[in-house]
Structure formats: structure tokens, C-alpha cells
Amino acid sequence: MPPARQAQIAALVEHYQNPRHWSVLEDADVAMPGGSPECGGSVVVYLKAGEEGRIDALSFTGEGDIISQAATSMILEQVLNEGLAMDEVLALDYETFVNRVGREAVGSRTRNATLGLSTLKSAVRKYQKDSLHAGSAAEPARCGG
């Protein structure tokens with residue numbers, strides 16, 4: 001086995017056995033389910049928003065194969081370590097992430113590898129949509145002037 005692939009597999013196994021940010025975030029603003037157990041894995045991503053589009057906290061729970069669970073751990077760790085804002089999360093590229101996880105180790109299971117990222121993006125979009133509606137509901141419509 002090539003050393004690069006071996007290292008990719010080792011990183012996936014490490015994140016699977018010791019997932020980062022694995023828990024239910026009780027005061028989350030969004031709990032977003034994604035995936036399905038029969039398709040390799042399912043996760044719930046919990047997002048707690050900060051001010052000005054920042055992310056205060058992230059966590060996840062889930063079950064499934066090594067790739068889906070480990071890659072979810074990896075993306076949450078990356079977002080929190082880099083202090084990414086919500087718009088930056090939405091701009092993350094799936095192909096770049098699969099390369100980071102390890103294309104050789106992932107093989108044809110790119111959907112499993114991107115489950116956490118796609119669910120995280122869905123959580124961000126839901127938060128932004130709900131915040132937009134909450135903001136517009138708080139201001140009564142004014143006619144005239």
C-alpha cells in the first residue's frame with residue numbers, strides 16, 4: 001500500500017475511533033440531520049451561531065461507515081480550528097475537501113466523505129434562512145412614511 005494512502009486511512013481511522021466534537025449540543029440553534037444509514041451513514045450536525053455570521057460551536061452525532069463519520073469529524077475540526085464564518089463554510093469546495101480527506105482512501109465513496117460537509121452547509125443555510133425570517137418578522141411593515 002502506498003504511504004500516502006496508508007496515512008489517509010490512518011487519519012480516517014483515528015477520527016472514527018476518536019471523533020472530534022461528538023455530542024449533542026443542547027443549546028444549538030440548528031440540529032440538521034443528513035444522510036441515511038443504508039447509504040453509508042447518517043449524521044446530525046448541531047450549530048450554535050455567534051455574532052456577525054460567526055460560528056460559536058459545532059458538534060455532531062451519527063452512525064455509519066468509517067468514511068462518513070471520520071470525515072464529519074474532520075470537517076467540524078477544520079471549521080472550528082480555522083474559525084470559519086458561515087459564509088466561508090458555504091464556500092468550502094467538496095473536491096478540495098475530498099482531496100484533504102484522501103481521495104485514494106475514499107475511492108468511489110465521495111458521497112460518504114462529503115456527508116458531514118453537505119449537512120453542515122445545510123445547517124448554515126437553515127440558520128441563515130430562519131434568521132432572515134425572524135429579522136423580517138420583528139419589523140412591522142410600514143406603508144407611506
# chains A, B, ... in the order shown; residues from 1 in each chain; ligands from 1

call {"tool": "select_by_dssp", "arguments": {"residues": "chain A", "states": "helix (DSSP H, G or I)", "output": "VMD selection string"}}
result
chain A and resid 3 to 17 37 to 39 66 to 82 86 to 91 94 to 101 103 to 106 110 to 113 115 to 138

call {"tool": "select_by_dssp", "arguments": {"residues": "segment 13-64 of chain A", "states": "strand (DSSP E)", "output": "PyMOL selection string"}}
result
chain A and resi 30-36+41-49+55-64

call {"tool": "atom_distance", "arguments": {"atom1": "atom CA of Val124 of chain A", "atom2": "atom CA of Val101 of chain A"}}
result
21.5 Å

call {"tool": "residues_around", "arguments": {"residues": "segment 12-15 of chain A", "least_positions_apart": "6", "cutoff": "12 Å", "atoms": "only C-alpha atoms", "output": "mmCIF file with N, CA and C atoms, in the first residue's frame"}}
result
data_model
loop_
_atom_site.group_PDB
_atom_site.id
_atom_site.type_symbol
_atom_site.label_atom_id
_atom_site.label_comp_id
_atom_site.auth_asym_id
_atom_site.auth_seq_id
_atom_site.Cartn_x
_atom_site.Cartn_y
_atom_site.Cartn_z
ATOM 1 N N ARG A 5 -1.584 6.748 0.896
ATOM 2 C CA ARG A 5 -2.879 6.112 1.141
ATOM 3 C C ARG A 5 -2.933 5.541 2.554
ATOM 4 N N GLN A 6 -1.852 4.975 2.987
ATOM 5 C CA GLN A 6 -1.775 4.423 4.340
ATOM 6 C C GLN A 6 -1.996 5.528 5.380
ATOM 7 N N HIS A 21 -15.612 16.646 18.567
ATOM 8 C CA HIS A 21 -16.880 17.375 18.671
ATOM 9 C C HIS A 21 -18.088 16.443 18.564
ATOM 10 N N TRP A 22 -17.959 15.237 19.121
ATOM 11 C CA TRP A 22 -19.037 14.252 19.105
ATOM 12 C C TRP A 22 -19.904 14.453 20.338
ATOM 13 N N ASP A 65 -20.456 4.204 8.319
ATOM 14 C CA ASP A 65 -19.129 3.693 7.998
ATOM 15 C C ASP A 65 -18.026 4.644 8.460
ATOM 16 N N ILE A 66 -16.823 4.147 8.410
ATOM 17 C CA ILE A 66 -15.666 4.923 8.866
ATOM 18 C C ILE A 66 -15.554 6.235 8.105
ATOM 19 N N ILE A 67 -15.737 6.197 6.794
ATOM 20 C CA ILE A 67 -15.529 7.405 5.989
ATOM 21 C C ILE A 67 -16.529 8.489 6.355
ATOM 22 N N SER A 68 -17.823 8.170 6.435
ATOM 23 C CA SER A 68 -18.821 9.207 6.717
ATOM 24 C C SER A 68 -18.620 9.829 8.096
ATOM 25 N N GLN A 69 -18.336 9.013 9.086
ATOM 26 C CA GLN A 69 -18.198 9.526 10.451
ATOM 27 C C GLN A 69 -16.873 10.252 10.650
ATOM 28 N N ALA A 70 -15.791 9.697 10.134
ATOM 29 C CA ALA A 70 -14.479 10.328 10.278
ATOM 30 C C ALA A 70 -14.415 11.647 9.516
ATOM 31 N N ALA A 71 -14.952 11.685 8.308
ATOM 32 C CA ALA A 71 -14.909 12.918 7.515
ATOM 33 C C ALA A 71 -15.757 14.014 8.155
ATOM 34 N N THR A 72 -16.852 13.628 8.811
ATOM 35 C CA THR A 72 -17.651 14.629 9.534
ATOM 36 C C THR A 72 -16.836 15.204 10.682
ATOM 37 N N SER A 73 -16.159 14.357 11.422
ATOM 38 C CA SER A 73 -15.279 14.813 12.492
ATOM 39 C C SER A 73 -14.213 15.760 11.939
ATOM 40 N N MET A 74 -13.650 15.398 10.796
ATOM 41 C CA MET A 74 -12.572 16.194 10.198
ATOM 42 C C MET A 74 -13.050 17.577 9.762
ATOM 43 N N ILE A 75 -14.243 17.673 9.171
ATOM 44 C CA ILE A 75 -14.701 18.977 8.693
ATOM 45 C C ILE A 75 -15.077 19.882 9.864
ATOM 46 N N LEU A 76 -15.696 19.325 10.900
ATOM 47 C CA LEU A 76 -16.018 20.160 12.054
ATOM 48 C C LEU A 76 -14.749 20.665 12.729
ATOM 49 N N GLU A 77 -13.762 19.797 12.838
ATOM 50 C CA GLU A 77 -12.486 20.206 13.426
ATOM 51 C C GLU A 77 -11.851 21.317 12.593
ATOM 52 N N VAL A 98 -12.510 16.452 -0.301
ATOM 53 C CA VAL A 98 -12.247 15.031 -0.570
ATOM 54 C C VAL A 98 -10.742 14.812 -0.741
ATOM 55 N N ARG A 100 -8.432 16.543 0.711
ATOM 56 C CA ARG A 100 -7.855 16.680 2.043
ATOM 57 C C ARG A 100 -8.063 15.398 2.858
ATOM 58 N N VAL A 101 -9.258 14.827 2.761
ATOM 59 C CA VAL A 101 -9.556 13.577 3.469
ATOM 60 C C VAL A 101 -8.694 12.454 2.910
ATOM 61 N N GLY A 102 -8.550 12.448 1.592
ATOM 62 C CA GLY A 102 -7.738 11.439 0.932
ATOM 63 C C GLY A 102 -8.499 10.718 -0.161
ATOM 64 N N ARG A 103 -8.400 11.226 -1.360
ATOM 65 C CA ARG A 103 -9.132 10.652 -2.482
ATOM 66 C C ARG A 103 -8.830 9.163 -2.661
ATOM 67 N N GLU A 104 -7.573 8.802 -2.452
ATOM 68 C CA GLU A 104 -7.191 7.386 -2.602
ATOM 69 C C GLU A 104 -7.898 6.513 -1.569
ATOM 70 N N ALA A 105 -8.009 7.001 -0.356
ATOM 71 C CA ALA A 105 -8.655 6.224 0.697
ATOM 72 C C ALA A 105 -10.172 6.204 0.522
ATOM 73 N N VAL A 106 -10.723 7.292 0.020
ATOM 74 C CA VAL A 106 -12.168 7.409 -0.157
ATOM 75 C C VAL A 106 -12.638 6.582 -1.344
ATOM 76 N N ALA A 113 -17.870 10.661 2.063
ATOM 77 C CA ALA A 113 -16.851 11.597 2.543
ATOM 78 C C ALA A 113 -17.387 13.018 2.666
#

call {"tool": "residues_around", "arguments": {"residues": "Arg54 of chain A", "least_positions_apart": "3", "cutoff": "9 Å", "atoms": "only C-alpha atoms", "output": "MDAnalysis selection string"}}
result
chainID A and resid 49:51 83:87

call {"tool": "write_last_selection", "arguments": {"atoms": "N, CA and C atoms", "output": "tab-separated table (two decimals), in the first residue's frame"}}
result
chain	number	residue	atom	x	y	z
A	49	ALA	N	-24.79	29.53	16.63
A	49	ALA	CA	-24.31	30.72	15.92
A	49	ALA	C	-23.76	31.75	16.90
A	50	GLY	N	-22.79	32.50	16.39
A	50	GLY	CA	-22.25	33.64	17.12
A	50	GLY	C	-22.73	34.92	16.47
A	51	GLU	N	-22.04	35.98	16.76
A	51	GLU	CA	-22.41	37.28	16.19
A	51	GLU	C	-21.78	37.47	14.83
A	83	GLY	N	-11.62	28.85	12.55
A	83	GLY	CA	-12.53	29.94	12.90
A	83	GLY	C	-13.35	30.44	11.72
A	84	LEU	N	-13.78	29.52	10.87
A	84	LEU	CA	-14.51	29.92	9.67
A	84	LEU	C	-15.89	30.49	10.02
A	85	ALA	N	-16.26	31.53	9.29
A	85	ALA	CA	-17.60	32.11	9.41
A	85	ALA	C	-18.56	31.30	8.54
A	86	MET	N	-19.84	31.54	8.71
A	86	MET	CA	-20.84	30.78	7.97
A	86	MET	C	-20.68	30.91	6.46
A	87	ASP	N	-20.44	32.12	5.97
A	87	ASP	CA	-20.25	32.30	4.52
A	87	ASP	C	-19.01	31.55	4.03

call {"tool": "residues_around", "arguments": {"residues": "Val30 of chain A", "least_positions_apart": "2", "cutoff": "8 Å", "atoms": "only C-alpha atoms", "output": "list of chain:residue names"}}
result
A:Ala28, A:Met32, A:Val45, A:Tyr46, A:Leu47, A:Lys48, A:Ala123, A:Lys126, A:Tyr127

call {"tool": "closest_atom_pairs", "arguments": {"of": "segment 60-79 of chain A", "to": "segment 40-43 of chain A", "cutoff": "7 Å", "atoms": "only C-alpha atoms", "output": "JSON lines"}}
result
{"residue": "A:Phe60", "atom": "CA", "partner": "A:Val43", "partner_atom": "CA", "distance": 6.6}
{"residue": "A:Thr61", "atom": "CA", "partner": "A:Val43", "partner_atom": "CA", "distance": 5.6}
{"residue": "A:Gly62", "atom": "CA", "partner": "A:Val43", "partner_atom": "CA", "distance": 4.0}
{"residue": "A:Glu63", "atom": "CA", "partner": "A:Gly41", "partner_atom": "CA", "distance": 5.6}
{"residue": "A:Gly64", "atom": "CA", "partner": "A:Gly41", "partner_atom": "CA", "distance": 3.8}
{"residue": "A:Asp65", "atom": "CA", "partner": "A:Gly40", "partner_atom": "CA", "distance": 5.5}
{"residue": "A:Ser68", "atom": "CA", "partner": "A:Gly41", "partner_atom": "CA", "distance": 5.8}

call {"tool": "write_last_selection", "arguments": {"atoms": "C-alpha atoms", "output": "compact mmCIF listing (two decimals), in the first residue's frame"}}
result
# COMPACT_ATOMS: atom_id res chain seq x y z
CA PHE A 60 -22.36 16.03 15.62
CA THR A 61 -23.78 12.62 16.33
CA GLY A 62 -24.22 9.82 13.86
CA GLU A 63 -23.70 6.28 12.80
CA GLY A 64 -22.32 4.64 9.72
CA ASP A 65 -19.13 3.69 8.00
CA SER A 68 -18.82 9.21 6.72

call {"tool": "closest_residue", "arguments": {"among": "A:Gly35, A:Glu88, A:Asn18, A:Ile55", "to": "Thr114 of chain A", "atoms": "only C-alpha atoms"}}
result
A:Gly35

call {"tool": "closest_residue", "arguments": {"among": "A:Pro3, A:Pro19, A:Pro37, A:Gly116", "to": "Tyr94 of chain A", "atoms": "only C-alpha atoms"}}
result
A:Gly116

call {"tool": "atom_distance", "arguments": {"atom1": "atom CA of Leu117 of chain A", "atom2": "atom CA of Leu132 of chain A"}}
result
22.5 Å

call {"tool": "closest_residue", "arguments": {"among": "A:Tyr16, A:Cys39, A:Ala4, A:Asp29", "to": "Leu115 of chain A", "atoms": "only C-alpha atoms"}}
result
A:Cys39

call {"tool": "closest_residue", "arguments": {"among": "A:Ala7, A:Leu25, A:Val89, A:Leu58", "to": "Ser118 of chain A", "atoms": "only C-alpha atoms"}}
result
A:Val89
